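To start, the structure itself, in structure tokens.
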Amino acid sequence: MTQSSTTDVVLAAGLRLPQAKAAGAYAREDVGHLGSALVRELIARTALDPSEIDELIAGCAGPPHDQANPARVIALRAGLPRSTPAYTVGRNCASGMQAVTSAWEQIASGRAECVLAMGVEVMSAYPLVYNHRAVSFFSRLARARTLGQRLKVFGSLRPSMFAPRIAITEGLTDPVSGMIMGSTAELLARDFGITRDDCDAYALKSHLRAAAARDAGRFGDEIAPHLPLSSDGPSLQSDDGIRADQSREALAKLRPYFEKPDGVVTVGNACPITDGATALLVTTAQKARDLGLEPLARIRDHAWSGCDPARMGIGPVHATAKVLARTGMELSDMDTIELNEAFAAQVIACERAFASDDYAREHLGRDRALGEIDPERLNPNGGAIALGHPVGATGARLLLTTAHELKKKGGGVGLATLCIGGGQGGAVILERAS
Amino acid sequence: MSGTESCVRLDVLEHGHVARLTLDPPGKDNVVFDGPLLRDLDERLAEVEELPRLEGLILCGRSPLEFCYGADVDALASVADPSEAELVVRMGQEVFGRLFRLGRSGGGPVRTVAAVGGAVPGGAFEISLACDSIVLTRDPSTRIGLPEVKLGIVPGWGGSQRLPRRTGIVTAVEAITSGRLYRDRAALKLGLVDRLAWPGDLLRIAERFALGLERPRTRRPRWKKLLVDRNPIVAGVVRTKVVDAIESKTGGHYPAPLAAVDLVLDAPNTELSAGLEKELRVAVDLLGSPVSRSLVGIFRATEAAKRLGRVDGEKVAAAGRVGVVGAGVMGAGIASQAARCGIEARVVDMQVDALDRAVTAHRALVKKSRVPAPQKRGAIDRFEAGVGPQGLGRAECVIEAVPENLELKRKVLADLESRVPRECILATNTSTLPVGDMTSGLVRPERVVGLHFFNPVDRMPLVEVIRAESTSDETVARACALALKLKKTPVLVADRPGFLVNRLLAPYLDEALALVDEGASPRGLDALAKAFGLPMGPLELLDTVGLDVAAHSADSLHGAFGPRVARPGRLDRFVQSGELGGKSGRGIWITEDGKRRVNPRLGERAAGAGPELSGDKDTILDRLLLPMVTEAARCLDEGVVRSGEEIDLATVYGTGFPPFRGGLWSWARSRGAKALTERLDRLHDEVASSDEQRAERFACEVDLARLLR
């Protein structure tokens with residue numbers, strides 16, 4: 001494996017919109033408007049000349065049916081020059097992180113100097129789809145010429161044809177293992193002996209940390225307020241999934257959602273379905289200076305890794321092992337870690353796998369564990385359980401949050417990592433000089 | 001090129017089977033039907049008549065998107081008497097008639113085709129109607145129609161006769177009485193034209209028509225002509241409906257649309273030649289009418305205003321990105337207008353709720369607008385709202401619209417200076433404060449200019465562009481260019497208190513309140529102003545402006561000019577009780593259960609007054625309006641405004657002064673200097689008996705007669 005390029009690639013600026021629970025504030029938004037509103041705000045705040053942007057890359061796990069390439073729609077609606085190309089990337093839950101690593105690769109290879117990388121997801125807009133029997137009915141009807149033929153087709157109409165396929169449920173199910181994401185977390189919980197109590201305690205911590213961070217103004221520089229389409233105010237100022245008044249008792253009352261009666265995953269200790277967008281300006285250190293921007297952080301390196309699709313939640317361990325090996329760093333070198341909270345059970349499973357010599361030997365080809373994570377450094381501002389997980393946007397959001405945390409700490413090294421439906425993990429190491 | 005070169009080019013194509021006439025007057029940017037063009041066209045037509053093997057004739061312009069702008073409005077304006085008017089109209093009719101007789105529909109041997117596009121208004125469309133078929137360029141810039149009524153006249157070169165024959169009476173009556181200009185697709189759908197062609201195909205397709213390879217789309221079927229167009233019952237119903245609609249819209253002040261209804265509805269039952277003669281009579285009558293003169297004057301002044309925004313004759317580019325500081329009603333309105341006119345607009349404010357209201361209002365306005373969905377999305381996208389002053393680093397113009405407070409505005413401008421690019425102009429949307437006072441302490445005062453918009457911004461077409469002493473020519477030009485891009489009419493005014501419009505309005509509004517104090521009926525006063533043609537009465541206007549705003553304006557103008565212009569304190573009791581007019585639901589007028597009554601705060605007598613005015617209505621009207629005239633004369637004398645035409649423009653677009661009266665200055669001029677002076681003297685004496693100071697507004701120390709000349 002080669003070491004990272006000599007080019008310093010930095011996150012020169014970044015911004016996100018408040019994340020909103022699906023079917024809520026952004027229910028009437030679409031990817032094009034949400035994404036372009038954010039990009040406009042970022043360009044305005046940085047006073048960047050849009051023609052400086054060589055490419056726009058957007059991660060989106062579920063592009064709407066009327067926007068085959070949401071990145072291009074966003075670029076044009078945000079007022080980028082028509083000559084600026086744009087493409088959309090998909091790596092399921094890591095699409096937003098993929099946008100950044102794709103940008104990194106383009107810059108490191110000298111094909112671009114300044115790339116706007118972003119993640120955007122409007123899960124509210126995921127459709128209900130006619131099932132194949134209904135589709136066949138409509139196509140036969142379209143082909144019927146005579147009245148007799150038409151009547152015959154109508155005769156084949158059955159109520160079952162109107163049972164819709166729910167895009168969001170099917171989208172969150174891995175077709176290879178046939179398991180919905182919640183069940184993969186349940187499997188990890190059984191593997192690692194994680195209890196319901198462990199999960200609820202973790203979820204509570206996420207909410208309380210997020211509420212504290214929000215109240216301390218920790219997200220002030222990170223979030224641009226947004227007035228959603230078809231709302232007449234007030235505009236959304238911060239993530240609306242945070243529950244400052246969350247209690248263990250209330251969490252304990254919830255029934256397991258995926259596996260009744262003995263499962264551990266409830267809607268309280270899993271991330272909610274969410275809409276949101278995050279954008280990052282990725283460029284070289286030199287270019288950032290030329291543009292008069294003080295970079296948030298430098299991208300040290302990144303790695304992608306595969307794992308068992310039925311245990312996709314363990315992906316961060318695999319990807320982190322890989323990126324640490326590439327950079328020759330240790331887990332203990334990380335001053336802050338953002339590990340996406342798809343499910344509390346999955347985060348705890350990662351913590352235990354990181355600390356397990358057995359897991360390291362069996363799965364990572366190492367003879368020693370990667371190490372224990374200091375809980376204080378793990379998701380210090382809460383995570384997706386409270387803030388939400390707009391699938392395609394989260395990867396970029398983790399990087400933005402990590403970069404701001406490094407800035408707050410006055411420098412250091414940070415890890416952003418997440419699990420990916422289908423059995424993968426992604427990890428990026430950021431650093432900021434003190 | 002020599003001066004003798006013809007304005008119309010004749011080319012013979014296809015081995016002599018097709019001739020092409022191109023309107024291309026040398027050395028003229030805008031092609032219009034003036035004397036030379038009509039004469040040359042007549043000569044060329046005579047040559048065409050002599051061509052032996054001719055099958056088809058194409059009439060076209062310099063390019064597929066350039067044909068002709070119709071009659072020469074400047075020539076119309078200079079027509080002195082009816083006989084000259086008749087000459088102009090008859091000349092056009094005869095030349096167009098010659099073309100018509102050459103064509104098959106006129107009984108001639110040739111297939112005549114008009115191949116037109118871009119702007120095809122008035123006379124340009126009328127000559128097309130004289131052809132057998134019309135091929136129109138398919139392009140977003142194409143506009144075709146008969147807008148003559150907007151100048152107070154009717155189509156005089158056959159349009160009122162040939163359009164109903166082509167499209168039937170219903171379409172024709174709508175097109176001619178509304179004066180609407182239609183886009184390409186609508187024109188085809190309504191049958192105004194026969195075929196659309198992309199610009200590159202226009203001449204090729206016209207040639208196919210000329211050679212008979214393609215026929216005009218089916219003409220109006222005979223049964224429709226009989227059962228609809230020539231049916232007296234249908235004509236009667238259409239007449240009643242259209243006349244009612246016109247009268248409710250124009251209040252009977254505009255004769256042209258009504259005359260057009262008669263011409264159009266009678267056309268199917270009249271011989272063409274008789275119809276044309278009748279059209280000529282009506283057109284000549286209207287051409288000399290005061291209404292038409294007024295409307296033509298406003299049109300020309302508007303066109304002249306469009307030529308602002310240049311430096312050394314070169315157009316300057318309007319800003320592509322503007323910032324607006326302050327998300328109040330004005331700031332939000334300006335930003336919204338910009339976003340809807342294709343400009344990136346960022347409105348900033350410290351108050352999140354004000355920004356939310358601005359965004360919401362903008363989205364509502366966009367939703368209501370009649371443009372295609374992608375354009376609506378664009379207008380919504382271009383509107384940015386930001387908390388705090390960040391995000392203006394790329395603006396080309398920043399307009400401040402913070403509350404009227406000199407210190408605040410100074411601070412905002414000084415702060416902006418460090419945030420915006422060097423080339424960015426800084427505009428202040430002040431209505432009363434001197435722009436010059438705001439520039440003290442600035443590093444680059446030459447880029448500061450006043451841009452006074454009127455409320456509501458989306459509906460009020462006027463912008464006063466205020467040049468402070470330090471303002472550079474380039475800044476003024478760029479401010480005008482921006483106003484034009486915002487689809488507003490700029491009027492250049494000097495940096496004097498109240499600028500032009502507010503300074504004129506102040507004595508008018510003050511006099512209305514004084515009249516009420518003297519016992520005039522409020523209802524009667526408003527009705528009188530409306531009967532004169534103003535969109536609302538003075539008291540309604542006060543409520544619309546907002547009594548706090550009006551009181552503030554009166555205070556500051558009183559400070560500058562004394563009681564001649566306004567007397568402070570008249571509205572204090574309203575302002576103190578929070579009854580500020582339309583925005584607070586109660587003002588001078590109170591609307592309850594759909595009924596309006598006068599607020600008792602205006603005085604017991606006023607509240608109890610009936611609907612009728614006691615006293616001579618003309619005198620009362622002059623009491624209201626003549627103070628504006630004397631103030632306008634002072635403004636001209638002081639150089640606040642450069643010309644009477646601009647006073648007309650500002651009063652029509654800024655105060656709703658009736659366009660058919662030509663604007664305040666034209667109206668004053670039509671009264672005659674002598675009669676006006678006598679009237680003023682009488683009113684002065686009348687008012688002076690009770691209020692010496694106020695009477696000054698009826699005195700004119702400047703030479704009114706000279707100024708009116």
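Naming works like this for the structure tokens: A, B, ... for the chains as they're shown, residue 1 at the start of each chain, ligands 1 onward in shown order.
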
Report task. Could you list the residues in chain B lying within 10 Å of chain A, using only C-alpha atoms, and format the result as number ranges by chain? Result -> B: 344, 346, 352-361, 363-364, 374, 377-387, 389-395, 420-421

How about saving the chosen residues, N, CA, C and O atoms kept, as a CSV table (one decimal), in the first residue's frame?
```
chain,number,residue,atom,x,y,z
B,344,GLU,N,-29.4,37.0,-7.8
B,344,GLU,CA,-29.2,36.4,-6.5
B,344,GLU,C,-29.4,37.4,-5.4
B,344,GLU,O,-28.8,38.5,-5.5
B,346,ARG,N,-29.5,38.3,-1.3
B,346,ARG,CA,-29.3,37.8,0.1
B,346,ARG,C,-29.8,38.9,1.1
B,346,ARG,O,-29.3,40.0,1.0
B,352,VAL,N,-34.3,36.6,13.5
B,352,VAL,CA,-34.7,35.5,12.8
B,352,VAL,C,-36.1,35.5,12.3
B,352,VAL,O,-36.4,35.1,11.2
B,353,ASP,N,-37.0,36.0,13.2
B,353,ASP,CA,-38.4,36.0,12.8
B,353,ASP,C,-38.7,36.9,11.7
B,353,ASP,O,-39.5,36.6,10.8
B,354,ALA,N,-38.0,38.0,11.6
B,354,ALA,CA,-38.1,38.9,10.4
B,354,ALA,C,-37.7,38.2,9.2
B,354,ALA,O,-38.4,38.3,8.1
B,355,LEU,N,-36.6,37.5,9.3
B,355,LEU,CA,-36.1,36.8,8.1
B,355,LEU,C,-37.1,35.7,7.7
B,355,LEU,O,-37.4,35.5,6.5
B,356,ASP,N,-37.7,35.0,8.7
B,356,ASP,CA,-38.7,34.0,8.3
B,356,ASP,C,-39.9,34.6,7.6
B,356,ASP,O,-40.4,34.0,6.6
B,357,ARG,N,-40.3,35.7,8.1
B,357,ARG,CA,-41.4,36.4,7.4
B,357,ARG,C,-41.1,36.8,6.0
B,357,ARG,O,-41.9,36.7,5.1
B,358,ALA,N,-39.8,37.3,5.8
B,358,ALA,CA,-39.4,37.7,4.5
B,358,ALA,C,-39.4,36.5,3.5
B,358,ALA,O,-39.9,36.6,2.4
B,359,VAL,N,-38.8,35.4,4.0
B,359,VAL,CA,-38.8,34.2,3.2
B,359,VAL,C,-40.2,33.7,2.8
B,359,VAL,O,-40.5,33.4,1.7
B,360,THR,N,-41.1,33.7,3.9
B,360,THR,CA,-42.4,33.2,3.7
B,360,THR,C,-43.2,34.1,2.6
B,360,THR,O,-43.8,33.6,1.7
B,361,ALA,N,-43.0,35.4,2.8
B,361,ALA,CA,-43.7,36.3,1.9
B,361,ALA,C,-43.2,36.1,0.5
B,361,ALA,O,-44.0,36.1,-0.5
B,363,ARG,N,-41.9,33.4,-0.9
B,363,ARG,CA,-42.3,32.1,-1.4
B,363,ARG,C,-43.8,32.3,-1.8
B,363,ARG,O,-44.2,31.7,-2.9
B,364,ALA,N,-44.6,33.0,-1.0
B,364,ALA,CA,-46.0,33.1,-1.4
B,364,ALA,C,-46.2,33.9,-2.7
B,364,ALA,O,-47.0,33.5,-3.5
B,374,PRO,N,-40.1,25.5,-13.2
B,374,PRO,CA,-38.7,25.6,-13.0
B,374,PRO,C,-38.3,27.1,-12.7
B,374,PRO,O,-37.4,27.3,-11.9
B,377,ARG,N,-39.0,27.6,-9.1
B,377,ARG,CA,-37.9,27.1,-8.2
B,377,ARG,C,-36.7,28.0,-8.2
B,377,ARG,O,-36.1,28.2,-7.2
B,378,GLY,N,-36.4,28.5,-9.4
B,378,GLY,CA,-35.2,29.4,-9.5
B,378,GLY,C,-35.4,30.6,-8.6
B,378,GLY,O,-34.5,31.0,-7.9
B,379,ALA,N,-36.6,31.2,-8.6
B,379,ALA,CA,-36.8,32.4,-7.8
B,379,ALA,C,-36.7,32.1,-6.4
B,379,ALA,O,-36.2,32.9,-5.6
B,380,ILE,N,-37.2,30.9,-6.0
B,380,ILE,CA,-37.1,30.6,-4.5
B,380,ILE,C,-35.6,30.3,-4.2
B,380,ILE,O,-35.2,30.7,-3.1
B,381,ASP,N,-34.9,29.6,-5.1
B,381,ASP,CA,-33.5,29.3,-4.8
B,381,ASP,C,-32.7,30.6,-4.6
B,381,ASP,O,-31.8,30.6,-3.8
B,382,ARG,N,-32.9,31.6,-5.5
B,382,ARG,CA,-32.1,32.8,-5.5
B,382,ARG,C,-32.3,33.7,-4.2
B,382,ARG,O,-31.5,34.6,-4.1
B,383,PHE,N,-33.2,33.4,-3.4
B,383,PHE,CA,-33.5,34.2,-2.3
B,383,PHE,C,-32.8,33.6,-1.1
B,383,PHE,O,-33.2,32.5,-0.6
B,384,GLU,N,-31.8,34.3,-0.6
B,384,GLU,CA,-31.1,33.8,0.6
B,384,GLU,C,-31.4,34.6,1.8
B,384,GLU,O,-31.6,35.9,1.7
B,385,ALA,N,-31.5,34.0,3.0
B,385,ALA,CA,-31.8,34.8,4.2
B,385,ALA,C,-30.7,34.4,5.2
B,385,ALA,O,-30.4,33.3,5.4
B,386,GLY,N,-30.0,35.4,5.7
B,386,GLY,CA,-28.9,35.1,6.7
B,386,GLY,C,-29.0,35.9,7.9
B,386,GLY,O,-29.3,37.1,7.9
B,387,VAL,N,-28.7,35.3,9.0
B,387,VAL,CA,-28.7,35.9,10.3
B,387,VAL,C,-27.4,36.6,10.5
B,387,VAL,O,-26.3,36.0,10.4
B,389,PRO,N,-24.6,39.9,9.6
B,389,PRO,CA,-24.2,40.6,8.3
B,389,PRO,C,-23.2,39.7,7.4
B,389,PRO,O,-22.6,40.3,6.5
B,390,GLN,N,-23.1,38.4,7.7
B,390,GLN,CA,-22.2,37.7,6.9
B,390,GLN,C,-22.8,37.3,5.5
B,390,GLN,O,-24.0,37.4,5.3
B,391,GLY,N,-21.9,36.9,4.6
B,391,GLY,CA,-22.4,36.4,3.3
B,391,GLY,C,-22.6,37.5,2.2
B,391,GLY,O,-23.2,37.2,1.2
B,392,LEU,N,-22.1,38.7,2.5
B,392,LEU,CA,-22.2,39.7,1.5
B,392,LEU,C,-20.9,39.9,0.7
B,392,LEU,O,-20.8,40.9,-0.1
B,393,GLY,N,-20.0,39.0,0.9
B,393,GLY,CA,-18.6,39.2,0.3
B,393,GLY,C,-18.6,39.2,-1.2
B,393,GLY,O,-17.5,39.6,-1.8
B,394,ARG,N,-19.6,38.7,-1.9
B,394,ARG,CA,-19.6,38.7,-3.3
B,394,ARG,C,-20.6,39.6,-3.9
B,394,ARG,O,-20.9,39.6,-5.1
B,395,ALA,N,-21.3,40.4,-3.1
B,395,ALA,CA,-22.4,41.2,-3.6
B,395,ALA,C,-21.9,42.3,-4.5
B,395,ALA,O,-20.8,42.8,-4.3
B,420,VAL,N,-17.9,44.3,1.9
B,420,VAL,CA,-18.3,44.1,0.5
B,420,VAL,C,-17.0,44.3,-0.3
B,420,VAL,O,-16.1,45.0,0.1
B,421,PRO,N,-17.1,43.8,-1.6
B,421,PRO,CA,-16.0,44.0,-2.5
B,421,PRO,C,-15.8,45.5,-2.8
B,421,PRO,O,-16.7,46.3,-2.7
```

**Report entry** All residues 9 Å or closer to Gly382 of chain A, only C-alpha atoms, same chain fewer than 5 positions away omitted, as an MDAnalysis selection string
**Finding:** chainID A and resid 203 205:213 341 387

Report task. Just the residues within 7 Å of Leu704 of chain B, please, counting only C-alpha atoms, with nothing from its chain fewer than 3 positions along; format it as an MDAnalysis selection string. Result -> chainID B and resid 633 673 700 707:708

Export all heavy atoms of the chosen residues as a compact mmCIF listing (two decimals), in the first residue's frame?
```
# COMPACT_ATOMS: atom_id res chain seq x y z
N ALA B 633 -43.13 72.72 -9.19
CA ALA B 633 -42.44 73.83 -9.85
C ALA B 633 -41.18 74.18 -9.10
O ALA B 633 -40.12 74.41 -9.69
CB ALA B 633 -43.38 75.04 -9.93
N ALA B 673 -51.01 78.17 -17.95
CA ALA B 673 -50.29 78.88 -16.88
C ALA B 673 -51.13 80.01 -16.30
O ALA B 673 -51.17 80.22 -15.09
CB ALA B 673 -48.96 79.40 -17.41
N CYS B 700 -46.71 80.76 -5.69
CA CYS B 700 -45.63 80.20 -6.45
C CYS B 700 -44.62 81.30 -6.73
O CYS B 700 -44.82 82.13 -7.62
CB CYS B 700 -46.17 79.60 -7.75
SG CYS B 700 -45.10 78.32 -8.36
N LEU B 707 -41.74 77.76 -16.43
CA LEU B 707 -41.46 76.34 -16.21
C LEU B 707 -42.40 75.45 -17.00
O LEU B 707 -42.03 74.38 -17.47
CB LEU B 707 -41.55 76.02 -14.72
CG LEU B 707 -40.42 76.61 -13.86
CD1 LEU B 707 -40.77 76.48 -12.39
CD2 LEU B 707 -39.10 75.93 -14.16
N LEU B 708 -43.66 75.91 -17.11
CA LEU B 708 -44.65 75.06 -17.79
C LEU B 708 -44.44 75.06 -19.30
O LEU B 708 -44.93 74.18 -20.00
CB LEU B 708 -46.06 75.55 -17.48
CG LEU B 708 -46.64 75.10 -16.13
CD1 LEU B 708 -47.98 75.79 -15.88
CD2 LEU B 708 -46.82 73.60 -16.08
```

Query - Distance query Arg300 of chain A at most 10 Å, only C-alpha atoms, self and fewer than 2 positions along chain excluded, as number ranges by chain - result: A: 4-5, 8-10, 297-298, 302, 323, 327, 413-415, 428-432

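Atom pair atom CA of Gly498 of chain B / atom CA of Ser431 of chain B has a distance of 6.4 Å (rounded to one decimal).
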
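Counting from atom CA of Arg310 of chain B, the distance to atom CA of Pro490 of chain B is 12.6 Å.
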
Query raised in the report: Just asking: which residues within segment 210-386 of chain B are helix (DSSP H, G or I) according to DSSP, as a ChimeraX atom specification?
Result: /B:210,222-229,232-250,255-269,272-287,290-306,329-340,352-368,373-381

Can I get the selection written as a CSV table (one decimal), in the first residue's frame, with C-alpha atoms?
```
chain,number,residue,atom,x,y,z
B,210,ALA,CA,-45.0,31.2,-50.7
B,222,ARG,CA,-67.7,29.2,-42.6
B,223,TRP,CA,-70.3,28.1,-40.0
B,224,LYS,CA,-68.4,29.8,-37.2
B,225,LYS,CA,-68.3,33.0,-39.2
B,226,LEU,CA,-72.0,32.8,-39.7
B,227,LEU,CA,-73.1,31.5,-36.3
B,228,VAL,CA,-70.7,33.4,-34.1
B,229,ASP,CA,-69.0,36.3,-35.8
B,232,PRO,CA,-76.1,39.8,-33.6
B,233,ILE,CA,-77.0,37.9,-30.5
B,234,VAL,CA,-73.4,36.7,-29.9
B,235,ALA,CA,-72.1,40.2,-30.7
B,236,GLY,CA,-74.6,41.7,-28.2
B,237,VAL,CA,-73.6,39.4,-25.4
B,238,VAL,CA,-69.9,39.9,-26.1
B,239,ARG,CA,-70.4,43.7,-26.2
B,240,THR,CA,-72.3,43.8,-22.9
B,241,LYS,CA,-69.7,41.7,-21.1
B,242,VAL,CA,-66.6,43.4,-22.6
B,243,VAL,CA,-68.0,46.9,-22.1
B,244,ASP,CA,-68.9,46.2,-18.5
B,245,ALA,CA,-65.4,44.8,-17.9
B,246,ILE,CA,-63.7,47.7,-19.4
B,247,GLU,CA,-65.8,50.3,-17.6
B,248,SER,CA,-65.2,48.6,-14.2
B,249,LYS,CA,-61.5,48.6,-14.9
B,250,THR,CA,-61.0,52.1,-16.4
B,255,PRO,CA,-62.2,55.9,-24.7
B,256,ALA,CA,-60.0,53.7,-26.9
B,257,PRO,CA,-61.0,50.2,-25.7
B,258,LEU,CA,-64.7,51.1,-26.0
B,259,ALA,CA,-64.2,52.4,-29.5
B,260,ALA,CA,-62.2,49.2,-30.3
B,261,VAL,CA,-65.1,47.1,-29.2
B,262,ASP,CA,-67.4,48.7,-31.7
B,263,LEU,CA,-64.9,48.5,-34.5
B,264,VAL,CA,-64.2,44.8,-33.9
B,265,LEU,CA,-67.8,43.6,-33.4
B,266,ASP,CA,-69.0,45.4,-36.5
B,267,ALA,CA,-66.2,44.2,-38.7
B,268,PRO,CA,-67.7,40.9,-39.8
B,269,ASN,CA,-70.8,42.6,-41.0
B,272,LEU,CA,-63.6,45.7,-45.7
B,273,SER,CA,-63.2,49.1,-47.4
B,274,ALA,CA,-66.0,50.6,-45.3
B,275,GLY,CA,-64.6,49.1,-42.2
B,276,LEU,CA,-61.2,50.5,-42.9
B,277,GLU,CA,-62.7,53.9,-43.5
B,278,LYS,CA,-64.5,53.7,-40.2
B,279,GLU,CA,-61.3,52.5,-38.5
B,280,LEU,CA,-59.5,55.5,-39.9
B,281,ARG,CA,-62.0,58.0,-38.6
B,282,VAL,CA,-61.9,56.5,-35.1
B,283,ALA,CA,-58.1,56.3,-35.1
B,284,VAL,CA,-57.7,59.9,-36.2
B,285,ASP,CA,-60.1,61.1,-33.6
B,286,LEU,CA,-58.3,59.3,-30.8
B,287,LEU,CA,-54.9,60.3,-32.1
B,290,PRO,CA,-55.9,64.4,-24.7
B,291,VAL,CA,-55.9,60.9,-23.3
B,292,SER,CA,-53.8,59.6,-26.2
B,293,ARG,CA,-51.4,62.4,-25.9
B,294,SER,CA,-51.1,61.8,-22.2
B,295,LEU,CA,-50.5,58.1,-22.6
B,296,VAL,CA,-48.0,58.6,-25.5
B,297,GLY,CA,-46.2,61.1,-23.3
B,298,ILE,CA,-45.9,58.6,-20.4
B,299,PHE,CA,-44.8,55.9,-22.9
B,300,ARG,CA,-42.0,58.0,-24.3
B,301,ALA,CA,-40.9,59.2,-20.8
B,302,THR,CA,-40.8,55.5,-19.8
B,303,GLU,CA,-38.7,54.6,-22.8
B,304,ALA,CA,-36.4,57.5,-22.1
B,305,ALA,CA,-36.0,56.2,-18.5
B,306,LYS,CA,-34.9,52.9,-20.0
B,329,VAL,CA,-41.3,45.0,4.6
B,330,MET,CA,-39.2,47.1,2.3
B,331,GLY,CA,-36.0,45.1,2.5
B,332,ALA,CA,-37.9,41.8,2.1
B,333,GLY,CA,-39.8,43.3,-0.8
B,334,ILE,CA,-36.7,44.5,-2.6
B,335,ALA,CA,-34.9,41.2,-2.1
B,336,SER,CA,-37.9,39.3,-3.3
B,337,GLN,CA,-38.2,41.5,-6.4
B,338,ALA,CA,-34.5,40.9,-7.2
B,339,ALA,CA,-34.8,37.1,-6.8
B,340,ARG,CA,-37.9,37.1,-9.1
B,352,VAL,CA,-34.7,35.5,12.8
B,353,ASP,CA,-38.4,36.0,12.8
B,354,ALA,CA,-38.1,38.9,10.4
B,355,LEU,CA,-36.1,36.8,8.1
B,356,ASP,CA,-38.7,34.0,8.3
B,357,ARG,CA,-41.4,36.4,7.4
B,358,ALA,CA,-39.4,37.7,4.5
B,359,VAL,CA,-38.8,34.2,3.2
B,360,THR,CA,-42.4,33.2,3.7
B,361,ALA,CA,-43.7,36.3,1.9
B,362,HIS,CA,-41.3,35.7,-1.0
B,363,ARG,CA,-42.3,32.1,-1.4
B,364,ALA,CA,-46.0,33.1,-1.4
B,365,LEU,CA,-45.4,35.7,-4.0
B,366,VAL,CA,-43.5,33.3,-6.2
B,367,LYS,CA,-46.2,30.7,-5.8
B,368,LYS,CA,-48.8,33.2,-7.0
B,373,ALA,CA,-42.4,25.7,-12.3
B,374,PRO,CA,-38.7,25.6,-13.0
B,375,GLN,CA,-38.6,29.4,-13.0
B,376,LYS,CA,-40.5,29.4,-9.7
B,377,ARG,CA,-37.9,27.1,-8.2
B,378,GLY,CA,-35.2,29.4,-9.5
B,379,ALA,CA,-36.8,32.4,-7.8
B,380,ILE,CA,-37.1,30.6,-4.5
B,381,ASP,CA,-33.5,29.3,-4.8
```

Requested in this report: May I have the residues within 10 Å of Lys287 of chain A as number ranges by chain, using only C-alpha atoms and disregarding those fewer than 4 positions away in the same chain?
Outcome: A: 9-10, 12, 52, 113-114, 282-283, 291-293

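Atom CA of Gly581 of chain B sits 5.9 Å away from atom CA of Leu547 of chain B.
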
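In this comparison, which uses only C-alpha atoms, the residue of B:Glu214, B:Glu55, B:Asp622, B:Asp691 approaching Thr677 of chain B most closely is B:Asp622.
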
Query raised in the report: Could you name the residues that touch Cys93 of chain A at 6 Å or less, counting only C-alpha atoms, but leaving out those on the same chain fewer than 4 positions away, as number ranges by chain?
Result: A: 391-392, 420

Query raised in the report: So, counting only C-alpha atoms, which residue among A:Gln19, A:Ser247, A:Asn92, A:Ser356 is closest to Arg368 of chain A?
Result: A:Ser356

Query - Contacts of Ile273 of chain A at 8 Å (only C-alpha atoms; same-chain gap of 6+ positions) as a list in words - result: Lys21, Ala22, Met123, Gly388, His389 and Pro390 of chain A

Selection export as an mmCIF file, in the first residue's frame, atoms kept: N, CA and C atoms:
```cif
data_model
loop_
_atom_site.group_PDB
_atom_site.id
_atom_site.type_symbol
_atom_site.label_atom_id
_atom_site.label_comp_id
_atom_site.auth_asym_id
_atom_site.auth_seq_id
_atom_site.Cartn_x
_atom_site.Cartn_y
_atom_site.Cartn_z
ATOM 1 N N LYS A 21 -36.430 15.100 11.845
ATOM 2 C CA LYS A 21 -37.060 13.784 11.781
ATOM 3 C C LYS A 21 -37.951 13.701 10.537
ATOM 4 N N ALA A 22 -37.898 12.538 9.891
ATOM 5 C CA ALA A 22 -38.612 12.389 8.626
ATOM 6 C C ALA A 22 -40.103 12.625 8.818
ATOM 7 N N MET A 123 -35.349 11.541 3.458
ATOM 8 C CA MET A 123 -35.994 10.238 3.598
ATOM 9 C C MET A 123 -37.511 10.382 3.616
ATOM 10 N N GLY A 388 -30.053 12.182 14.634
ATOM 11 C CA GLY A 388 -30.671 11.620 13.443
ATOM 12 C C GLY A 388 -29.626 11.163 12.452
ATOM 13 N N HIS A 389 -30.082 10.356 11.522
ATOM 14 C CA HIS A 389 -29.178 9.715 10.560
ATOM 15 C C HIS A 389 -29.773 9.830 9.159
ATOM 16 N N PRO A 390 -29.648 11.009 8.525
ATOM 17 C CA PRO A 390 -30.066 11.124 7.127
ATOM 18 C C PRO A 390 -29.043 10.363 6.285
#
```

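Distance annotation: of B:Pro52, B:Glu43, B:Arg682, B:Val31, the residue with the minimal separation from Pro121 of chain B is B:Val31; atom set is only C-alpha atoms.
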